[in-house]
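coords13.cif (mmCIF, C-alpha atoms and all ligand atoms)
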data_start
#
loop_
_atom_site.label_atom_id
_atom_site.label_comp_id
_atom_site.auth_asym_id
_atom_site.auth_seq_id
_atom_site.Cartn_x
_atom_site.Cartn_y
_atom_site.Cartn_z
CA MET A 74 -191.75 -61.75 71.29
CA SER A 75 -190.50 -59.30 73.89
CA SER A 76 -189.38 -55.81 73.04
CA SER A 77 -187.41 -53.09 74.82
CA THR A 78 -190.72 -51.50 75.81
CA GLY A 79 -191.93 -54.56 77.69
CA SER A 80 -195.55 -55.42 77.01
CA ILE A 81 -195.97 -52.69 74.44
CA GLN A 82 -195.97 -54.06 70.94
CA HIS A 83 -193.34 -52.57 68.69
CA ARG A 84 -195.10 -50.89 65.80
CA GLN A 85 -193.89 -50.03 62.38
CA VAL A 86 -193.27 -46.32 62.02
CA CYS A 87 -196.35 -45.03 60.26
CA PRO A 88 -195.42 -43.63 56.85
CA GLN A 89 -197.80 -40.73 57.44
CA LEU A 90 -196.25 -39.93 60.78
CA ARG A 91 -195.14 -36.49 59.72
CA GLN A 92 -198.12 -35.63 57.58
CA VAL A 93 -199.18 -32.52 59.51
CA GLU A 94 -195.61 -31.35 59.98
CA SER A 95 -194.99 -31.71 56.23
CA LYS A 96 -198.17 -29.84 55.45
CA LEU A 97 -197.18 -26.95 57.72
CA LYS A 98 -193.68 -26.89 56.28
CA ASP A 99 -195.01 -26.88 52.70
CA LEU A 100 -197.27 -23.95 53.55
CA ILE A 101 -194.37 -22.13 55.17
CA ALA A 102 -192.17 -22.80 52.13
CA LYS A 103 -194.87 -21.23 50.00
CA HIS A 104 -195.95 -18.31 52.20
CA HIS A 105 -192.99 -17.91 54.59
CA THR A 106 -195.42 -17.06 57.38
CA ILE A 107 -198.83 -18.53 58.12
CA CYS A 108 -201.42 -17.73 60.70
CA VAL A 109 -203.14 -20.31 62.91
CA GLY A 110 -206.07 -19.96 65.29
CA LEU A 111 -206.00 -21.15 68.88
CA ILE A 112 -209.25 -22.29 70.46
CA ASP A 113 -209.40 -22.82 74.19
CA SER A 114 -211.35 -26.03 74.78
CA GLU A 115 -212.65 -24.77 78.11
CA ASN A 116 -215.89 -22.87 78.37
CA ILE A 117 -216.90 -23.47 74.79
CA SER A 118 -219.39 -25.97 73.45
CA PRO A 119 -218.29 -28.31 70.66
CA ALA A 120 -220.83 -26.74 68.30
CA VAL A 121 -219.65 -23.18 68.99
CA ALA A 122 -216.00 -24.27 68.71
CA ALA A 123 -216.69 -25.89 65.34
CA LYS A 124 -218.44 -22.78 64.03
CA LEU A 125 -215.60 -20.62 65.25
CA ALA A 126 -212.98 -22.90 63.68
CA ALA A 127 -214.80 -22.80 60.34
CA THR A 128 -214.84 -18.99 60.44
CA VAL A 129 -211.16 -18.86 61.41
CA GLU A 130 -210.29 -21.17 58.52
CA LYS A 131 -212.36 -19.09 56.12
CA CYS A 132 -210.44 -15.99 57.20
CA GLY A 133 -207.22 -17.68 56.07
CA ALA A 134 -205.82 -19.51 59.09
CA LYS A 135 -204.00 -22.67 58.05
CA ALA A 136 -204.47 -24.80 61.17
CA ILE A 137 -206.55 -24.88 64.32
CA LEU A 138 -204.77 -25.34 67.62
CA VAL A 139 -206.82 -26.61 70.55
CA GLY A 140 -205.58 -26.33 74.09
CA GLY A 141 -205.37 -24.24 77.19
CA SER A 142 -203.08 -23.98 80.20
CA THR A 143 -205.81 -24.91 82.65
CA ALA A 144 -207.80 -27.40 80.53
CA ILE A 145 -208.37 -30.56 82.58
CA ASP A 146 -211.42 -32.17 80.98
CA GLN A 147 -210.20 -34.58 78.32
CA ILE A 148 -213.72 -35.75 77.46
CA GLU A 149 -214.77 -32.16 76.77
CA LEU A 150 -211.53 -31.55 74.86
CA ASP A 151 -212.04 -34.55 72.61
CA ALA A 152 -215.66 -33.60 71.94
CA VAL A 153 -214.50 -30.13 70.90
CA VAL A 154 -211.76 -31.55 68.66
CA ARG A 155 -214.13 -34.04 67.03
CA GLN A 156 -216.68 -31.38 66.24
CA ILE A 157 -214.04 -29.00 64.89
CA LYS A 158 -212.80 -31.73 62.59
CA THR A 159 -216.22 -31.99 60.98
CA ALA A 160 -216.12 -28.25 60.21
CA VAL A 161 -212.61 -27.68 58.79
CA THR A 162 -210.19 -29.31 56.39
CA SER A 163 -207.09 -27.76 57.99
CA PRO A 164 -205.12 -29.79 60.52
CA VAL A 165 -206.37 -29.74 64.09
CA ILE A 166 -203.39 -29.74 66.42
CA LEU A 167 -203.39 -30.17 70.17
CA PHE A 168 -201.51 -27.51 72.12
CA PRO A 169 -201.46 -29.08 75.59
CA GLY A 170 -200.57 -27.44 78.86
CA ASN A 171 -200.55 -30.75 80.69
CA VAL A 172 -201.22 -34.48 80.21
CA THR A 173 -204.91 -33.63 80.18
CA GLY A 174 -204.35 -31.91 76.83
CA VAL A 175 -204.04 -35.24 74.99
CA ALA A 176 -207.11 -36.29 73.03
CA PRO A 177 -207.48 -39.07 70.45
CA SER A 178 -209.34 -37.27 67.67
CA ALA A 179 -206.77 -34.62 66.77
CA ASP A 180 -204.48 -34.83 63.74
CA ALA A 181 -201.33 -34.02 65.68
CA ILE A 182 -199.97 -32.70 68.96
CA PHE A 183 -197.33 -30.13 69.67
CA PHE A 184 -195.16 -32.35 71.84
CA SER A 185 -193.66 -29.49 73.74
CA SER A 186 -191.21 -29.04 76.55
CA LEU A 187 -191.48 -25.85 78.57
CA MET A 188 -187.76 -25.38 78.46
CA ASN A 189 -187.53 -22.51 80.92
CA SER A 190 -189.74 -24.00 83.61
CA ASP A 191 -188.39 -24.27 87.12
CA ASN A 192 -190.23 -27.56 87.50
CA PRO A 193 -189.01 -30.72 85.74
CA TYR A 194 -192.65 -31.84 85.49
CA PHE A 195 -193.21 -29.36 82.66
CA ILE A 196 -189.91 -30.11 80.94
CA THR A 197 -190.01 -33.92 80.66
CA GLU A 198 -192.31 -35.53 83.24
CA ALA A 199 -195.73 -34.59 81.86
CA GLN A 200 -194.36 -35.57 78.47
CA ALA A 201 -193.36 -39.01 79.75
CA LEU A 202 -196.77 -39.46 81.37
CA GLY A 203 -198.55 -38.51 78.17
CA ALA A 204 -196.32 -40.29 75.69
CA LEU A 205 -197.99 -43.69 75.76
CA ALA A 206 -201.42 -42.16 75.21
CA ILE A 207 -200.05 -40.32 72.19
CA ARG A 208 -198.76 -43.60 70.84
CA LYS A 209 -201.97 -45.42 71.62
CA TYR A 210 -204.03 -42.76 69.82
CA ASN A 211 -201.57 -42.77 66.91
CA LEU A 212 -201.25 -38.99 67.16
CA GLU A 213 -198.53 -37.31 65.17
CA ALA A 214 -196.15 -35.81 67.73
CA ILE A 215 -194.41 -32.64 66.58
CA PRO A 216 -191.38 -31.96 68.77
CA MET A 217 -191.41 -28.40 70.02
CA GLY A 218 -189.39 -26.25 72.37
CA TYR A 219 -191.67 -23.90 74.29
CA ILE A 220 -190.11 -20.79 75.74
CA ILE A 221 -191.98 -18.25 77.83
CA VAL A 222 -190.97 -14.65 77.51
CA GLY A 223 -191.88 -12.26 80.32
CA GLY A 224 -194.63 -13.30 82.72
CA GLY A 225 -196.35 -15.56 80.20
CA GLY A 226 -199.81 -15.16 81.73
CA ALA A 227 -201.56 -18.38 82.77
CA ALA A 228 -199.03 -20.53 80.88
CA GLY A 229 -196.19 -18.91 82.81
CA PHE A 230 -197.96 -19.29 86.14
CA ILE A 231 -199.13 -22.88 85.69
CA GLY A 232 -195.89 -23.95 84.03
CA ARG A 233 -193.75 -22.35 86.74
CA ALA A 234 -191.75 -20.60 84.09
CA ARG A 235 -188.74 -18.50 84.80
CA GLY A 236 -189.73 -16.14 82.00
CA ILE A 237 -187.04 -14.73 79.77
CA PRO A 238 -186.70 -11.05 80.70
CA PRO A 239 -188.04 -9.29 77.59
CA ASN A 240 -184.98 -7.01 77.45
CA LYS A 241 -182.54 -9.97 77.52
CA PRO A 242 -182.94 -11.61 74.10
CA GLY A 243 -179.56 -13.28 74.55
CA LEU A 244 -181.15 -15.63 77.09
CA ALA A 245 -183.82 -16.63 74.59
CA VAL A 246 -181.09 -17.28 72.04
CA MET A 247 -179.39 -19.70 74.43
CA TYR A 248 -182.60 -21.67 74.92
CA ALA A 249 -183.33 -21.59 71.19
CA LEU A 250 -179.93 -23.06 70.43
CA ALA A 251 -180.47 -25.72 73.08
CA ALA A 252 -183.80 -26.57 71.39
CA GLN A 253 -181.98 -26.83 68.09
CA TYR A 254 -179.38 -29.18 69.53
CA PHE A 255 -182.11 -31.28 71.16
CA GLY A 256 -183.57 -31.76 67.68
CA MET A 257 -186.78 -29.84 68.30
CA ARG A 258 -188.05 -28.99 64.86
CA PHE A 259 -190.47 -26.35 66.12
CA LEU A 260 -189.86 -23.54 68.60
CA TYR A 261 -192.61 -21.47 70.19
CA LEU A 262 -191.85 -18.09 71.75
CA GLU A 263 -194.79 -17.37 74.03
CA ALA A 264 -195.69 -14.04 75.62
CA GLY A 265 -198.84 -15.52 77.16
CA SER A 266 -202.45 -15.60 76.09
CA GLY A 267 -203.91 -12.12 76.13
CA ALA A 268 -200.55 -10.65 77.11
CA ASP A 269 -200.17 -6.88 77.12
CA GLY A 270 -196.60 -7.10 75.88
CA LYS A 271 -195.82 -9.20 72.82
CA VAL A 272 -192.56 -11.01 72.15
CA SER A 273 -190.31 -8.17 71.00
CA ILE A 274 -189.14 -7.88 67.42
CA GLU A 275 -185.53 -7.72 68.62
CA LEU A 276 -185.94 -11.02 70.45
CA ILE A 277 -187.61 -12.71 67.47
CA THR A 278 -184.87 -11.43 65.15
CA LYS A 279 -182.08 -12.71 67.37
CA VAL A 280 -183.69 -16.12 67.88
CA ARG A 281 -184.39 -16.42 64.14
CA HIS A 282 -180.72 -15.81 63.50
CA ILE A 283 -179.71 -18.87 65.51
CA TYR A 284 -182.67 -21.25 65.24
CA ASP A 285 -183.06 -23.28 62.08
CA GLY A 286 -186.58 -24.67 62.37
CA VAL A 287 -190.20 -23.59 62.39
CA LEU A 288 -190.48 -20.50 64.58
CA ILE A 289 -193.85 -19.87 66.21
CA ILE A 290 -194.78 -16.60 67.88
CA GLY A 291 -197.83 -16.07 70.06
CA GLY A 292 -199.28 -13.98 72.80
CA GLY A 293 -200.98 -10.60 72.57
CA ILE A 294 -201.05 -10.33 68.77
CA LYS A 295 -204.24 -8.56 67.74
CA ALA A 296 -203.28 -6.20 64.94
CA PRO A 297 -202.01 -6.83 61.40
CA GLU A 298 -199.00 -4.54 61.94
CA ASP A 299 -197.83 -6.62 64.93
CA ALA A 300 -198.20 -9.83 62.95
CA VAL A 301 -196.39 -8.36 59.94
CA ALA A 302 -193.52 -7.13 62.13
CA ALA A 303 -193.17 -10.61 63.68
CA ALA A 304 -193.28 -12.19 60.21
CA LYS A 305 -190.62 -9.82 58.89
CA ALA A 306 -188.46 -10.65 61.90
CA GLY A 307 -188.64 -14.33 60.91
CA ALA A 308 -191.73 -15.88 62.48
CA ASN A 309 -193.12 -18.78 60.44
CA ILE A 310 -196.33 -19.25 62.38
CA ILE A 311 -198.33 -16.55 64.12
CA VAL A 312 -200.80 -17.80 66.73
CA ILE A 313 -203.99 -15.85 67.31
CA GLY A 314 -206.12 -16.85 70.28
CA THR A 315 -207.73 -14.21 72.47
CA MET A 316 -208.72 -12.03 69.53
CA LEU A 317 -211.06 -14.80 68.34
CA GLU A 318 -213.19 -14.18 71.41
CA SER A 319 -213.96 -10.59 70.41
CA GLU A 320 -217.03 -9.58 68.47
CA GLY A 321 -216.41 -8.98 64.76
CA PHE A 322 -212.82 -10.27 64.69
CA GLU A 323 -213.20 -11.63 61.15
CA ASN A 324 -211.95 -8.62 59.17
CA THR A 325 -208.89 -8.17 61.35
CA LEU A 326 -208.07 -11.87 61.22
CA ARG A 327 -208.46 -11.85 57.44
CA ASP A 328 -206.07 -8.88 57.26
CA ILE A 329 -203.56 -10.60 59.54
CA CYS A 330 -203.63 -13.85 57.56
CA LYS A 331 -203.27 -12.03 54.26
CA SER A 332 -200.62 -9.56 55.32
CA VAL A 333 -198.21 -12.02 56.97
CA SER A 334 -198.14 -14.25 53.91
CA SER A 335 -194.94 -14.02 51.85
CA GLN A 336 -193.45 -11.21 53.91
C1 LIG B 1 -201.39 -18.32 73.72
O1 LIG B 1 -199.75 -17.58 72.19
C2 LIG B 1 -201.08 -17.96 72.31
O2 LIG B 1 -200.79 -19.50 74.08
C3 LIG B 1 -202.01 -16.95 71.74
O3 LIG B 1 -202.01 -15.77 72.48
O4 LIG B 1 -204.39 -15.54 73.11
O5 LIG B 1 -202.88 -13.56 73.15
O6 LIG B 1 -203.60 -14.54 70.99
P1 LIG B 1 -203.31 -14.80 72.41
#
Would you mind writing the structure in this file as structure tokens?
Amino acid sequence: MSSSTGSIQHRQVCPQLRQVESKLKDLIAKHHTICVGLIDSENISPAVAAKLAATVEKCGAKAILVGGSTAIDQIELDAVVRQIKTAVTSPVILFPGNVTGVAPSADAIFFSSLMNSDNPYFITEAQALGALAIRKYNLEAIPMGYIIVGGGGAAGFIGRARGIPPNKPGLAVMYALAAQYFGMRFLYLEAGSGADGKVSIELITKVRHIYDGVLIIGGGIKAPEDAVAAAKAGANIIVIGTMLESEGFENTLRDICKSVSSQ
């Protein structure tokens, strides 16, 4: 029997298709804001990544994101994801910067469009190239608008982003509303990994006012007070990446995870 997708068999929609999304939303309903850890799959062995993920989970993070703007080795990525999955019970979610960020062993993938890229490749083309692999691996795809604020570090450079000027929150609001109308249930405001400047509280507040979905904030957050301010402004998920590479991060991460909850 032929289908509209040619040789690809039409599959029943898996009843558990939104399992990770539901889990995140339940946690957000309970805590308002949760913290997640981001592990860069590059330059880390699977064993070290798994140990780190277990520590991050123990500190209170509710999910482990795995990705990186320049990650190109899918074999290495999948080995890292597989090992992490043996060490944590929280969802392991891919956070890809390109088609090379798709790996079969994860629980879900942030299926994101870099909305303010200058290059259509990062808006829809990489997504089209990766879509069949996501289907083949039966990964849960979580639709997400990805907006870079300011320079955006490596993500901004690789993704050819026309970063939202940090002092022009109105521009972020326009993109956020577009994401809403596109049906993106998650929206990520990204300052860039290891960024000096975080996404401003004014910008988060204004976007929160217009966007009715799960709002993710990341980039440069290292202190509980920054995370709490973002949570109070309406962030639902705070992403912590670079801080996990510093010696003795555990106490600070524990404080962040605890203090953002139910703000
Ligand atoms: C990067 O927003 C994430 O994509 C996390 O940023 O590495 O600065 O925590 P940090």
- Pick out the closest residue to ligand LIG 1 (chain B) from this set: A:Asp299, A:Asp328, A:Asp269, A:Glu213. Count all atoms listed in the file.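 For ligand LIG 1 (chain B), the nearest of the given residues is A:Asp269.
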- Please check which protein, DNA or RNA residues sit within 6 Å of ligand LIG 1 (chain B), counting only C-alpha atoms and all ligand atoms, and write them as a PyMOL selection string. chain A and resi 263+265-268+291-294+312-316
- Task: Find the residues near Leu212 of chain A: any atom within 7 Å, counting all atoms listed in the file, skip ones fewer than 2 places away on the same chain, and give them as a PyMOL selection string.
- Result: chain A and resi 180-182+207-208+210+214
- Message: Just the number, please: distance in Å from atom CA of Asp113 of chain A to atom CA of Val139 of chain A, one decimal.
- Response: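 Atom CA of Val139 of chain A lies at a distance of 5.9 Å from atom CA of Asp113 of chain A.
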- Message: Report, in Å with one decimal, the straight-line distance from atom CA of Asp146 of chain A to atom CA of Leu288 of chain A.
- Response: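 Atom CA of Leu288 of chain A lies at a distance of 29.0 Å from atom CA of Asp146 of chain A.
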- Message: I'd like the neighbourhood of Thr143 of chain A as a PyMOL selection string, where a residue qualifies if any of its atoms comes within 8 Å (using only C-alpha atoms), though same-chain residues fewer than 4 positions away should be ignored.
- Response: chain A and resi 170+227+231
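Take atom CA of Cys330 of chain A and atom CA of Ala245 of chain A: the distance between them is 26.3 Å.
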- So which one's closest to Ala249 of chain A, A:Ala302, A:Ala204, A:Val333, A:Leu187? Using all atoms listed in the file, please. A:Leu187
- Nearest to Leu90 of chain A among A:Ile215, A:Ile117, A:Leu111, A:Val172, with distances taken over all atoms listed in the file: which residue is it?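 For Leu90 of chain A, the nearest of the given residues is A:Ile215.
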- Non-local contacts of segment 322-324 of chain A (10 Å; only C-alpha atoms; under 2 positions in same chain excluded) as a VMD selection string: chain A and resid 128 to 129 131 to 133 295 316 to 320 326 to 330
- For Phe230 of chain A, the nearest of the candidates A:Glu115, A:Asp151, A:Glu130, A:Asp191, counting only C-alpha atoms: A:Asp191
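Using only C-alpha atoms, the shortest contact distance between Ser186 of chain A and any of A:Gly141, A:Gly270, A:Pro216, A:Gly223 is found at A:Pro216.
Distances here use all atoms listed in the file; by that measure, the residue among A:Arg235, A:Arg258, A:Lys103, A:Lys241 closest to Gly218 of chain A is A:Arg258.
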- Polymer residues at most 10 Å from (-210.8, -29.5, 58.3) by only C-alpha atoms, as an MDAnalysis selection string: chainID A and resid 123 126:127 130 135:137 157:165 180
Just the selected residues (C-alpha atoms), exported as a short mmCIF file (atom, residue, chain, number, x, y, z; two decimals), in the coordinates of the input, please.
data_model
loop_
_atom_site.label_atom_id
_atom_site.label_comp_id
_atom_site.auth_asym_id
_atom_site.auth_seq_id
_atom_site.Cartn_x
_atom_site.Cartn_y
_atom_site.Cartn_z
CA ALA A 123 -216.69 -25.89 65.34
CA ALA A 126 -212.98 -22.90 63.68
CA ALA A 127 -214.80 -22.80 60.34
CA GLU A 130 -210.29 -21.17 58.52
CA LYS A 135 -204.00 -22.67 58.05
CA ALA A 136 -204.47 -24.80 61.17
CA ILE A 137 -206.55 -24.88 64.32
CA ILE A 157 -214.04 -29.00 64.89
CA LYS A 158 -212.80 -31.73 62.59
CA THR A 159 -216.22 -31.99 60.98
CA ALA A 160 -216.12 -28.25 60.21
CA VAL A 161 -212.61 -27.68 58.79
CA THR A 162 -210.19 -29.31 56.39
CA SER A 163 -207.09 -27.76 57.99
CA PRO A 164 -205.12 -29.79 60.52
CA VAL A 165 -206.37 -29.74 64.09
CA ASP A 180 -204.48 -34.83 63.74
#
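For Met257 of chain A, the set of protein, DNA and RNA residues having any atom at most 6 Å away, when counting only C-alpha atoms and skipping those fewer than 3 positions along the same chain, is Pro216, Met217, Ala252 and Gln253 of chain A.
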Using only C-alpha atoms and a cutoff of 12 Å, can you tell me which residues are near (-196.0, -23.0, 86.2) in the file's coordinates, and write them out as a JSON list (two decimals) with C-alpha atoms, in the frame of the given file?
[["chain", "number", "residue", "atom", "x", "y", "z"],
["A", 142, "SER", "CA", -203.08, -23.98, 80.20],
["A", 143, "THR", "CA", -205.81, -24.91, 82.65],
["A", 170, "GLY", "CA", -200.57, -27.44, 78.86],
["A", 171, "ASN", "CA", -200.55, -30.75, 80.69],
["A", 187, "LEU", "CA", -191.48, -25.85, 78.57],
["A", 188, "MET", "CA", -187.76, -25.38, 78.46],
["A", 189, "ASN", "CA", -187.53, -22.51, 80.92],
["A", 190, "SER", "CA", -189.74, -24.00, 83.61],
["A", 191, "ASP", "CA", -188.39, -24.27, 87.12],
["A", 192, "ASN", "CA", -190.23, -27.56, 87.50],
["A", 193, "PRO", "CA", -189.01, -30.72, 85.74],
["A", 194, "TYR", "CA", -192.65, -31.84, 85.49],
["A", 195, "PHE", "CA", -193.21, -29.36, 82.66],
["A", 196, "ILE", "CA", -189.91, -30.11, 80.94],
["A", 221, "ILE", "CA", -191.98, -18.25, 77.83],
["A", 224, "GLY", "CA", -194.63, -13.30, 82.72],
["A", 225, "GLY", "CA", -196.35, -15.56, 80.20],
["A", 226, "GLY", "CA", -199.81, -15.16, 81.73],
["A", 227, "ALA", "CA", -201.56, -18.38, 82.77],
["A", 228, "ALA", "CA", -199.03, -20.53, 80.88],
["A", 229, "GLY", "CA", -196.19, -18.91, 82.81],
["A", 230, "PHE", "CA", -197.96, -19.29, 86.14],
["A", 231, "ILE", "CA", -199.13, -22.88, 85.69],
["A", 232, "GLY", "CA", -195.89, -23.95, 84.03],
["A", 233, "ARG", "CA", -193.75, -22.35, 86.74],
["A", 234, "ALA", "CA", -191.75, -20.60, 84.09],
["A", 235, "ARG", "CA", -188.74, -18.50, 84.80],
["A", 236, "GLY", "CA", -189.73, -16.14, 82.00]]
Please, what is the axis-aligned box for every listed atom of segment 167-177 of chain A with 8 Å on each side, as centre and edge lengths in Å to one decimal, as JSON?
{"center_x": -204.0, "center_y": -33.3, "center_z": 75.4, "size_x": 22.9, "size_y": 27.6, "size_z": 26.5}
